[in-house]
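See below for the structure under consideration.
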Number of protein chains: 2
Amino acid sequence: MTTAKDDTLAVRISKILAERIIAGAIAPGVRLGQDHIAEEFGASHVPVREAFRRLEAQGLVVSEPRRGVRVAGFTVEEVREVAEMRAALEVLALRQAAPHLTKALLDQAEEATRAGDKATDVQAWELANRHFHRLILTPCAMPRLLKAIDDLHTASARFLFSGWRAEWEAPTDRDHRAILTALRAGQVETAAQVLARHVQAIGQKPWQTSRLKPAARG
Amino acid sequence: MTTAKDDTLAVRISKILAERIIAGAIAPGVRLGQDHIAEEFGASHVPVREAFRRLEAQGLVVSEPRRGVRVAGFTVEEVREVAEMRAALEVLALRQAAPHLTKALLDQAEEATRAGDKATDVQAWELANRHFHRLILTPCAMPRLLKAIDDLHTASARFLFSGWRAEWEAPTDRDHRAILTALRAGQVETAAQVLARHVQAIGQKPWQTSRLKPAARG
DNA sequence: AGTTCAAAAATTATCTATAATTTTGTGGCG
DNA sequence: CGCCACAAAATTATAGATAATTTTTGAACT
C-alpha cells in the first residue's frame, strides 16, 4: 500500500526509511550512511541522497553538510511544538471544512472512532485516529495545509510509537465523540476548541510520569 | 548574503533558483530541465536534482515523476491558503513569544516598521516587513514553527513581487504599529488578533480590482 | 599516563559516462 | 480526422573515479 509501483526509486526508499524511523526501528541520533543504505536497497547513492532530502523536509532526519544525515531526535520541547502546530493548523482546517461536511462523512468519522475503540495495538489505533482526523479535515480543500498537517501527524506518530503510553484509548475517543456531536449540532467553534485541546493534550500528557531520553549513541 | 561559502552545491543552486522564482524571473508553469540548469551552473545533474527536492519541499516547484519539475503556479485559492496558514501559525508563534519580548526587541521592531515607511521599492519594503515579523516571532524558540512560517513568507513574497499591488505601504504599517502598541501594553490577545487580520488581508486584497492569471504555457 | 599532533581511513560530495525507461513529437495509414 | 508505429528527447538510475572533509588511529612528547 505504501510503495506504489510508479513511484520513483528515491520516493520508495524514503517511504521505507520513514516507516522505520516512525516505528522506532532506527533510533534517534543514528547516522544513515548513504553507501550503507544504497547497498541494502541494491541501489546507487544518487536516489538515496534524494530520499534523504525528502526525509529532511519531513523533519525525520537532520542533515549537516559533509557530515551526512542522522535520525532526528525529539525532546520534550519538540513534541510540544509539533502538538501546538497541529492544533493551530487542524483548527484552521476544520473551520474551512465545516461548511462542506456531510452527514455521510460524519458517519464515516464515527465509524473510524469505533475502529479506534476496537484497536488492540498502537498501530491499529493510530491508523484509525489518523483516518478520523483526515475525514473531518479533507473537505477544507487546501492541499498545502493538508500536507503540512499530515507531516506533523507523522511526527506525532513517532512519539506515540516510542512506547511511553499505555492509555491511548479513553480520553482521545471521548474527544472524538465530542467533536462529532458539536459538528452535527452545527457548533463549529465548540468543535474547533475541543479539537485544539485534544491535539495539544497528545503532546503534554506522558511526561508527568516517565521521561523520554534521546539516544546516547552518536 | 544568500549564498554561504560552506553550503553544499545543491543548497546554493536551490537558493539561487528560489530567488529567481520569487522574483518572478521564471514564470509559473515553466519546466526546469535538469541538464539545462546543470549546464548553466557548470554542475552535474546530481546536485541539481537535490536542489529540486529542496524547492519542492518549499512549495516553489511541483514535481511529477518522469516528467521533471515545473515552477509552481498560484491560483487565488492558493494565495488565500498561504495567508490563512501564515495567520494561524504566526498567531501561535506570537503567543509563545510574547512572554519573552523585551523592550529592546520591540524598539527594533519599531525601527523595522520605520524602514518599511522609507522603502521606495517592493523589495526593500518586503525585507523590512519580513524583519519585523521575524523580530517579534523568533523569541518563541520553536525552530520547526519558525521554519514553516519562513517558507510561507517566501510564498507570500512571490505573490507580492508579481506586480499587482502599488499600495503596499499604508494599511500594513498601520497594522504593525497597532501590534506594537498592544504588545507594549501587555495585551497579547489584541496583538494576536490584529496580526491575524493583518496577515489574512495580504492574501485577500488585490483581487478586488485586478486578477492574477496563471501562465498559459503548458 | 594523558594530551596533542599528524597520518590514515572512512565518508561525503561531486563529476563523467552510459543504460534503461518514459514521455513526447512526427509521420503515415486506414 | 483519428489512430498506430517509430524516432527523438528527457528523466531516472547505475557505475566508477576523484576531490575534499571528517573521523579515527597511532605515535611522539610532556
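Order determines the names: the first chain of the C-alpha cells is A, the second B, and so forth; residues in each chain are numbered 1 upward, and ligands are numbered 1 upward as they are shown.
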
Shell of 9 Å around Pro47 of chain A, only C-alpha atoms (C1' of nucleotides), local chain residues under 2 positions omitted, as a ChimeraX atom specification: /A:8-11,13,38,43-45,49-52 /D:13

Can you list every residue of chain D that has an atom at most 10 Å from chain A, with its nearest atom pair and the distance in Å to one decimal, using only C-alpha atoms (C1' of nucleotides), ordered by chain then number, as a Markdown table?
| residue | atom | partner | partner_atom | distance |
| --- | --- | --- | --- | --- |
| D:DT12 | C1' | A:Thr8 | CA | 7.9 |
| D:DA13 | C1' | A:Ser44 | CA | 7.7 |
| D:DT14 | C1' | A:Ser44 | CA | 6.3 |
| D:DA15 | C1' | A:Ser44 | CA | 8.2 |
| D:DA20 | C1' | A:Arg66 | CA | 9.2 |
| D:DT21 | C1' | A:Arg66 | CA | 6.6 |
| D:DT22 | C1' | A:Arg67 | CA | 7.0 |
| D:DT23 | C1' | A:Arg67 | CA | 9.9 |

Please determine the contact residues of chain C with respect to chain A at a cut-off of 12 Å, counting only C-alpha atoms (C1' of nucleotides), and supply them as a list in words.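 Residues satisfying the distance criterion: DA10, DT11, DT12, DA13, DT14, DT21 and DT22 of chain C.
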
Near-DG26 of chain D list (12 Å; only C-alpha atoms (C1' of nucleotides); drop same-chain fewer than 6 positions) as an mmCIF file with C-alpha atoms (C1' of nucleotides), in the first residue's frame:
data_model
loop_
_atom_site.group_PDB
_atom_site.id
_atom_site.type_symbol
_atom_site.label_atom_id
_atom_site.label_comp_id
_atom_site.auth_asym_id
_atom_site.auth_seq_id
_atom_site.Cartn_x
_atom_site.Cartn_y
_atom_site.Cartn_z
ATOM 1 C "C1'" DT C 4 48.459 16.719 21.288
ATOM 2 C "C1'" DC C 5 49.582 16.406 16.579
ATOM 3 C "C1'" DA C 6 49.943 14.018 12.211
ATOM 4 C "C1'" DA C 7 48.998 10.323 9.061
ATOM 5 C "C1'" DA C 8 45.463 7.040 7.551
#

Contacts of Asp173 of chain B at 12 Å or less, counting only C-alpha atoms (C1' of nucleotides), minus same-chain residues fewer than 4 places along, as a list in words?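 So, after excluding close chain neighbours, the residues are Ala109, Glu110, Glu111, Ala112, Thr113, Arg114, Ala115, Gly116, Asp117, Lys118, Ala119, Trp125, Glu126, Ala128, Asn129, Phe132, His133, Glu167, Trp168, Glu169, Arg177, Ala178, Ile179, Leu180, Val194, Leu195, His198 and Val199 of chain B.
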
Take the selection from the previous step and output its residues with N, CA and C atoms, as a short mmCIF file (atom, residue, chain, number, x, y, z; two decimals), in the first residue's frame.
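Okay, this is what ended up in out.cif:
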data_model
loop_
_atom_site.label_atom_id
_atom_site.label_comp_id
_atom_site.auth_asym_id
_atom_site.auth_seq_id
_atom_site.Cartn_x
_atom_site.Cartn_y
_atom_site.Cartn_z
N ALA B 109 11.75 46.33 16.43
CA ALA B 109 10.61 46.09 15.54
C ALA B 109 10.04 47.41 15.04
N GLU B 110 10.02 48.40 15.93
CA GLU B 110 9.50 49.71 15.51
C GLU B 110 10.42 50.33 14.46
N GLU B 111 11.71 50.10 14.65
CA GLU B 111 12.66 50.62 13.66
C GLU B 111 12.45 49.94 12.32
N ALA B 112 12.16 48.64 12.35
CA ALA B 112 11.89 47.92 11.10
C ALA B 112 10.65 48.49 10.41
N THR B 113 9.67 48.87 11.20
CA THR B 113 8.47 49.48 10.64
C THR B 113 8.81 50.80 9.95
N ARG B 114 9.64 51.58 10.62
CA ARG B 114 10.06 52.85 10.01
C ARG B 114 10.83 52.61 8.72
N ALA B 115 11.66 51.56 8.71
CA ALA B 115 12.39 51.23 7.49
C ALA B 115 11.41 50.90 6.37
N GLY B 116 10.31 50.26 6.72
CA GLY B 116 9.28 49.96 5.72
C GLY B 116 8.65 51.23 5.17
N ASP B 117 8.47 52.23 6.06
CA ASP B 117 7.93 53.51 5.61
C ASP B 117 8.81 54.15 4.54
N LYS B 118 10.12 54.04 4.78
CA LYS B 118 11.05 54.74 3.90
C LYS B 118 11.34 53.98 2.61
N ALA B 119 10.86 52.74 2.54
CA ALA B 119 11.17 51.91 1.37
C ALA B 119 10.57 52.52 0.10
N TRP B 125 10.77 47.07 0.86
CA TRP B 125 9.67 47.01 1.80
C TRP B 125 9.49 45.59 2.33
N GLU B 126 9.56 44.62 1.43
CA GLU B 126 9.39 43.22 1.83
C GLU B 126 10.49 42.81 2.81
N ALA B 128 12.01 44.75 4.98
CA ALA B 128 11.69 45.35 6.27
C ALA B 128 10.50 44.63 6.92
N ASN B 129 9.53 44.29 6.09
CA ASN B 129 8.34 43.60 6.60
C ASN B 129 8.72 42.24 7.20
N PHE B 132 10.44 42.70 10.50
CA PHE B 132 9.50 43.00 11.57
C PHE B 132 8.88 41.71 12.13
N HIS B 133 8.35 40.90 11.23
CA HIS B 133 7.69 39.68 11.68
C HIS B 133 8.67 38.76 12.40
N GLU B 167 -0.06 49.81 -3.78
CA GLU B 167 -0.28 50.44 -2.47
C GLU B 167 0.04 49.47 -1.34
N TRP B 168 1.32 49.18 -1.18
CA TRP B 168 1.70 48.20 -0.17
C TRP B 168 2.13 48.83 1.13
N GLU B 169 2.04 50.17 1.24
CA GLU B 169 2.58 50.77 2.45
C GLU B 169 1.55 50.97 3.55
N ARG B 177 2.08 49.01 13.65
CA ARG B 177 2.12 49.91 14.81
C ARG B 177 1.08 49.50 15.85
N ALA B 178 -0.09 49.07 15.39
CA ALA B 178 -1.13 48.63 16.32
C ALA B 178 -0.65 47.39 17.09
N ILE B 179 0.04 46.50 16.40
CA ILE B 179 0.56 45.30 17.06
C ILE B 179 1.57 45.69 18.14
N LEU B 180 2.46 46.61 17.80
CA LEU B 180 3.48 47.02 18.76
C LEU B 180 2.85 47.71 19.97
N VAL B 194 -4.92 41.37 15.79
CA VAL B 194 -4.53 42.31 14.74
C VAL B 194 -3.58 41.62 13.76
N LEU B 195 -2.65 40.84 14.29
CA LEU B 195 -1.70 40.11 13.43
C LEU B 195 -2.44 39.17 12.49
N HIS B 198 -4.17 41.11 9.86
CA HIS B 198 -3.14 41.74 9.03
C HIS B 198 -2.60 40.76 7.98
N VAL B 199 -2.27 39.56 8.43
CA VAL B 199 -1.71 38.57 7.51
C VAL B 199 -2.77 38.08 6.54
#

Go ahead and compute the interatomic distance for atom CA of Met142 of chain B and atom CA of Glu81 of chain A, in Å to one decimal. 6.4 Å

Quick one: DSSP helix (DSSP H, G or I) residues in segment 2-170 of chain A, as a PyMOL selection string? chain A and resi 9-23+34-41+45-58+76-100+103-118+122-140+143-161+170

Residues of chain A near chain B: apply a cut-off of 9 Å, count only C-alpha atoms, and supply the list as a ChimeraX atom specification. /A:6-8,46,49-50,53-54,57-59,65-66,77-78,81-82,84-85,88-89,91-92,142-145,148

Could you save those same residues with N, CA and C atoms as a PDB file, in the first residue's frame?
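What landed in part02.pdb:
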ATOM      1  N   ASP A   6       4.661   2.956  -9.483  1.00  0.00           N
ATOM      2  CA  ASP A   6       5.061   4.002 -10.416  1.00  0.00           C
ATOM      3  C   ASP A   6       5.810   5.133  -9.730  1.00  0.00           C
ATOM      4  N   ASP A   7       6.059   4.979  -8.444  1.00  0.00           N
ATOM      5  CA  ASP A   7       6.866   5.979  -7.764  1.00  0.00           C
ATOM      6  C   ASP A   7       8.318   5.853  -8.201  1.00  0.00           C
ATOM      7  N   THR A   8       9.023   6.919  -8.042  1.00  0.00           N
ATOM      8  CA  THR A   8      10.440   6.885  -8.341  1.00  0.00           C
ATOM      9  C   THR A   8      11.189   6.163  -7.211  1.00  0.00           C
ATOM     10  N   VAL A  46      22.783   7.907  -5.649  1.00  0.00           N
ATOM     11  CA  VAL A  46      22.049   9.084  -6.105  1.00  0.00           C
ATOM     12  C   VAL A  46      20.595   9.092  -5.603  1.00  0.00           C
ATOM     13  N   ARG A  49      20.464   9.751  -1.859  1.00  0.00           N
ATOM     14  CA  ARG A  49      20.613  11.146  -1.439  1.00  0.00           C
ATOM     15  C   ARG A  49      19.290  11.899  -1.597  1.00  0.00           C
ATOM     16  N   GLU A  50      18.583  11.631  -2.679  1.00  0.00           N
ATOM     17  CA  GLU A  50      17.300  12.301  -2.870  1.00  0.00           C
ATOM     18  C   GLU A  50      16.301  11.883  -1.794  1.00  0.00           C
ATOM     19  N   ARG A  53      16.874  13.919   1.225  1.00  0.00           N
ATOM     20  CA  ARG A  53      16.329  15.280   1.144  1.00  0.00           C
ATOM     21  C   ARG A  53      14.834  15.278   1.468  1.00  0.00           C
ATOM     22  N   ARG A  54      14.131  14.235   1.010  1.00  0.00           N
ATOM     23  CA  ARG A  54      12.698  14.152   1.309  1.00  0.00           C
ATOM     24  C   ARG A  54      12.464  13.975   2.804  1.00  0.00           C
ATOM     25  N   ALA A  57      12.968  17.161   4.647  1.00  0.00           N
ATOM     26  CA  ALA A  57      11.847  18.092   4.530  1.00  0.00           C
ATOM     27  C   ALA A  57      10.716  17.709   5.488  1.00  0.00           C
ATOM     28  N   GLN A  58      10.569  16.425   5.742  1.00  0.00           N
ATOM     29  CA  GLN A  58       9.531  15.960   6.672  1.00  0.00           C
ATOM     30  C   GLN A  58       9.942  16.130   8.123  1.00  0.00           C
ATOM     31  N   GLY A  59      11.204  16.436   8.333  1.00  0.00           N
ATOM     32  CA  GLY A  59      11.669  16.593   9.705  1.00  0.00           C
ATOM     33  C   GLY A  59      12.029  15.291  10.379  1.00  0.00           C
ATOM     34  N   PRO A  65      26.030  19.438   6.438  1.00  0.00           N
ATOM     35  CA  PRO A  65      26.872  19.338   5.243  1.00  0.00           C
ATOM     36  C   PRO A  65      28.178  18.591   5.534  1.00  0.00           C
ATOM     37  N   ARG A  66      28.523  17.685   4.665  1.00  0.00           N
ATOM     38  CA  ARG A  66      29.770  16.920   4.762  1.00  0.00           C
ATOM     39  C   ARG A  66      29.787  15.968   5.953  1.00  0.00           C
ATOM     40  N   GLU A  77      10.432  19.557  24.279  1.00  0.00           N
ATOM     41  CA  GLU A  77      10.033  20.811  23.642  1.00  0.00           C
ATOM     42  C   GLU A  77       9.561  20.573  22.209  1.00  0.00           C
ATOM     43  N   GLU A  78      10.261  19.695  21.494  1.00  0.00           N
ATOM     44  CA  GLU A  78       9.876  19.444  20.109  1.00  0.00           C
ATOM     45  C   GLU A  78       8.518  18.755  20.020  1.00  0.00           C
ATOM     46  N   GLU A  81       6.020  21.360  20.502  1.00  0.00           N
ATOM     47  CA  GLU A  81       5.979  22.225  19.325  1.00  0.00           C
ATOM     48  C   GLU A  81       5.107  21.609  18.236  1.00  0.00           C
ATOM     49  N   VAL A  82       5.336  20.336  17.957  1.00  0.00           N
ATOM     50  CA  VAL A  82       4.547  19.657  16.930  1.00  0.00           C
ATOM     51  C   VAL A  82       3.076  19.643  17.318  1.00  0.00           C
ATOM     52  N   GLU A  84       1.436  21.772  19.231  1.00  0.00           N
ATOM     53  CA  GLU A  84       0.861  23.114  19.105  1.00  0.00           C
ATOM     54  C   GLU A  84       0.619  23.476  17.642  1.00  0.00           C
ATOM     55  N   MET A  85       1.572  23.117  16.781  1.00  0.00           N
ATOM     56  CA  MET A  85       1.400  23.416  15.362  1.00  0.00           C
ATOM     57  C   MET A  85       0.211  22.648  14.793  1.00  0.00           C
ATOM     58  N   ALA A  88      -3.025  24.317  15.903  1.00  0.00           N
ATOM     59  CA  ALA A  88      -3.320  25.553  15.172  1.00  0.00           C
ATOM     60  C   ALA A  88      -3.807  25.256  13.759  1.00  0.00           C
ATOM     61  N   LEU A  89      -3.113  24.334  13.069  1.00  0.00           N
ATOM     62  CA  LEU A  89      -3.459  24.080  11.670  1.00  0.00           C
ATOM     63  C   LEU A  89      -4.726  23.244  11.533  1.00  0.00           C
ATOM     64  N   VAL A  91      -7.265  23.264  13.561  1.00  0.00           N
ATOM     65  CA  VAL A  91      -8.398  24.151  13.824  1.00  0.00           C
ATOM     66  C   VAL A  91      -8.740  24.959  12.577  1.00  0.00           C
ATOM     67  N   LEU A  92      -7.715  25.490  11.927  1.00  0.00           N
ATOM     68  CA  LEU A  92      -7.934  26.224  10.676  1.00  0.00           C
ATOM     69  C   LEU A  92      -8.620  25.329   9.648  1.00  0.00           C
ATOM     70  N   MET A 142      -7.686  22.367   0.976  1.00  0.00           N
ATOM     71  CA  MET A 142      -6.476  23.192   0.950  1.00  0.00           C
ATOM     72  C   MET A 142      -5.272  22.250   0.970  1.00  0.00           C
ATOM     73  N   PRO A 143      -4.761  21.921  -0.195  1.00  0.00           N
ATOM     74  CA  PRO A 143      -3.766  20.851  -0.288  1.00  0.00           C
ATOM     75  C   PRO A 143      -2.486  21.123   0.493  1.00  0.00           C
ATOM     76  N   ARG A 144      -2.019  22.358   0.452  1.00  0.00           N
ATOM     77  CA  ARG A 144      -0.786  22.673   1.181  1.00  0.00           C
ATOM     78  C   ARG A 144      -0.985  22.505   2.684  1.00  0.00           C
ATOM     79  N   LEU A 145      -2.126  22.963   3.165  1.00  0.00           N
ATOM     80  CA  LEU A 145      -2.443  22.824   4.580  1.00  0.00           C
ATOM     81  C   LEU A 145      -2.535  21.353   4.973  1.00  0.00           C
ATOM     82  N   ALA A 148       0.879  19.747   5.218  1.00  0.00           N
ATOM     83  CA  ALA A 148       1.581  20.164   6.430  1.00  0.00           C
ATOM     84  C   ALA A 148       1.039  19.406   7.638  1.00  0.00           C
TER      85      ALA A 148
END

So how far away is atom CA of Leu55 of chain B from atom CA of Ile22 of chain B, in Å?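 Result for atom CA of Ile22 of chain B versus atom CA of Leu55 of chain B: 11.3 Å, one decimal.
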
As a short mmCIF file (atom, residue, chain, number, x, y, z; two decimals) with N, CA and C atoms (P, O5', C5', C4', C3', O3' and C1' of nucleotides), in the first residue's frame, please: the residues near DA7 of chain D (cut-off 12 Å, only C-alpha atoms (C1' of nucleotides), same-chain neighbours under 2 positions excluded).
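Listed below is the output, selection.cif:
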data_model
loop_
_atom_site.label_atom_id
_atom_site.label_comp_id
_atom_site.auth_asym_id
_atom_site.auth_seq_id
_atom_site.Cartn_x
_atom_site.Cartn_y
_atom_site.Cartn_z
P DT C 24 4.53 14.08 -21.69
"O5'" DT C 24 5.18 14.43 -23.11
"C5'" DT C 24 6.54 14.86 -23.17
"C4'" DT C 24 7.00 14.92 -24.62
"C3'" DT C 24 5.96 15.49 -25.59
"O3'" DT C 24 6.58 16.46 -26.42
"C1'" DT C 24 6.80 13.45 -26.40
P DG C 25 5.68 17.48 -27.21
"O5'" DG C 25 6.23 17.35 -28.70
"C5'" DG C 25 7.62 17.08 -28.90
"C4'" DG C 25 7.82 16.45 -30.27
"C3'" DG C 25 6.85 16.96 -31.36
"O3'" DG C 25 7.58 17.26 -32.53
"C1'" DG C 25 6.78 14.58 -31.23
P DT C 26 6.83 17.93 -33.76
"O5'" DT C 26 6.92 16.75 -34.83
"C5'" DT C 26 8.10 15.94 -34.88
"C4'" DT C 26 7.90 14.82 -35.88
"C3'" DT C 26 7.02 15.17 -37.08
"O3'" DT C 26 7.65 14.77 -38.27
"C1'" DT C 26 6.23 13.19 -36.06
P DG C 27 7.13 15.38 -39.65
"O5'" DG C 27 6.70 14.08 -40.44
"C5'" DG C 27 7.52 12.89 -40.37
"C4'" DG C 27 6.65 11.69 -40.65
"C3'" DG C 27 5.67 11.90 -41.81
"O3'" DG C 27 5.91 10.95 -42.83
"C1'" DG C 27 4.59 10.94 -39.91
P DA D 5 0.84 -0.25 -33.18
"O5'" DA D 5 2.08 0.28 -33.99
"C5'" DA D 5 2.06 0.24 -35.42
"C4'" DA D 5 3.27 0.99 -35.97
"C3'" DA D 5 4.58 0.68 -35.26
"O3'" DA D 5 5.64 0.54 -36.21
"C1'" DA D 5 4.15 3.00 -35.13
P DA D 9 16.47 15.07 -30.74
"O5'" DA D 9 15.87 15.26 -29.28
"C5'" DA D 9 14.53 15.74 -29.13
"C4'" DA D 9 14.12 15.66 -27.66
"C3'" DA D 9 15.23 16.01 -26.68
"O3'" DA D 9 14.72 16.89 -25.69
"C1'" DA D 9 14.34 13.89 -26.16
#

Apply DSSP to the structure's backbone, then extract all residues of segment 66-203 of chain A labelled strand (DSSP E) and return them as a VMD selection string. chain A and resid 68 to 71

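If you look at atom CA of Leu94 of chain B and atom CA of Thr75 of chain A, they are 21.6 Å away from each other.
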
B:Glu40, B:Asp107, B:Glu19, B:Asp150 ranked by distance to Leu183 of chain B, top pick (using only C-alpha atoms):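 Of the candidates, the smallest distance to Leu183 of chain B is held by B:Asp107.
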
Need to verify the contact set: DT30 of chain D, 10 Å, only C-alpha atoms (C1' of nucleotides), exclusion of same-chain residues closer than 2 positions in sequence. Can you return it as a PyMOL selection string? (chain C and resi 2-4) or (chain D and resi 28)
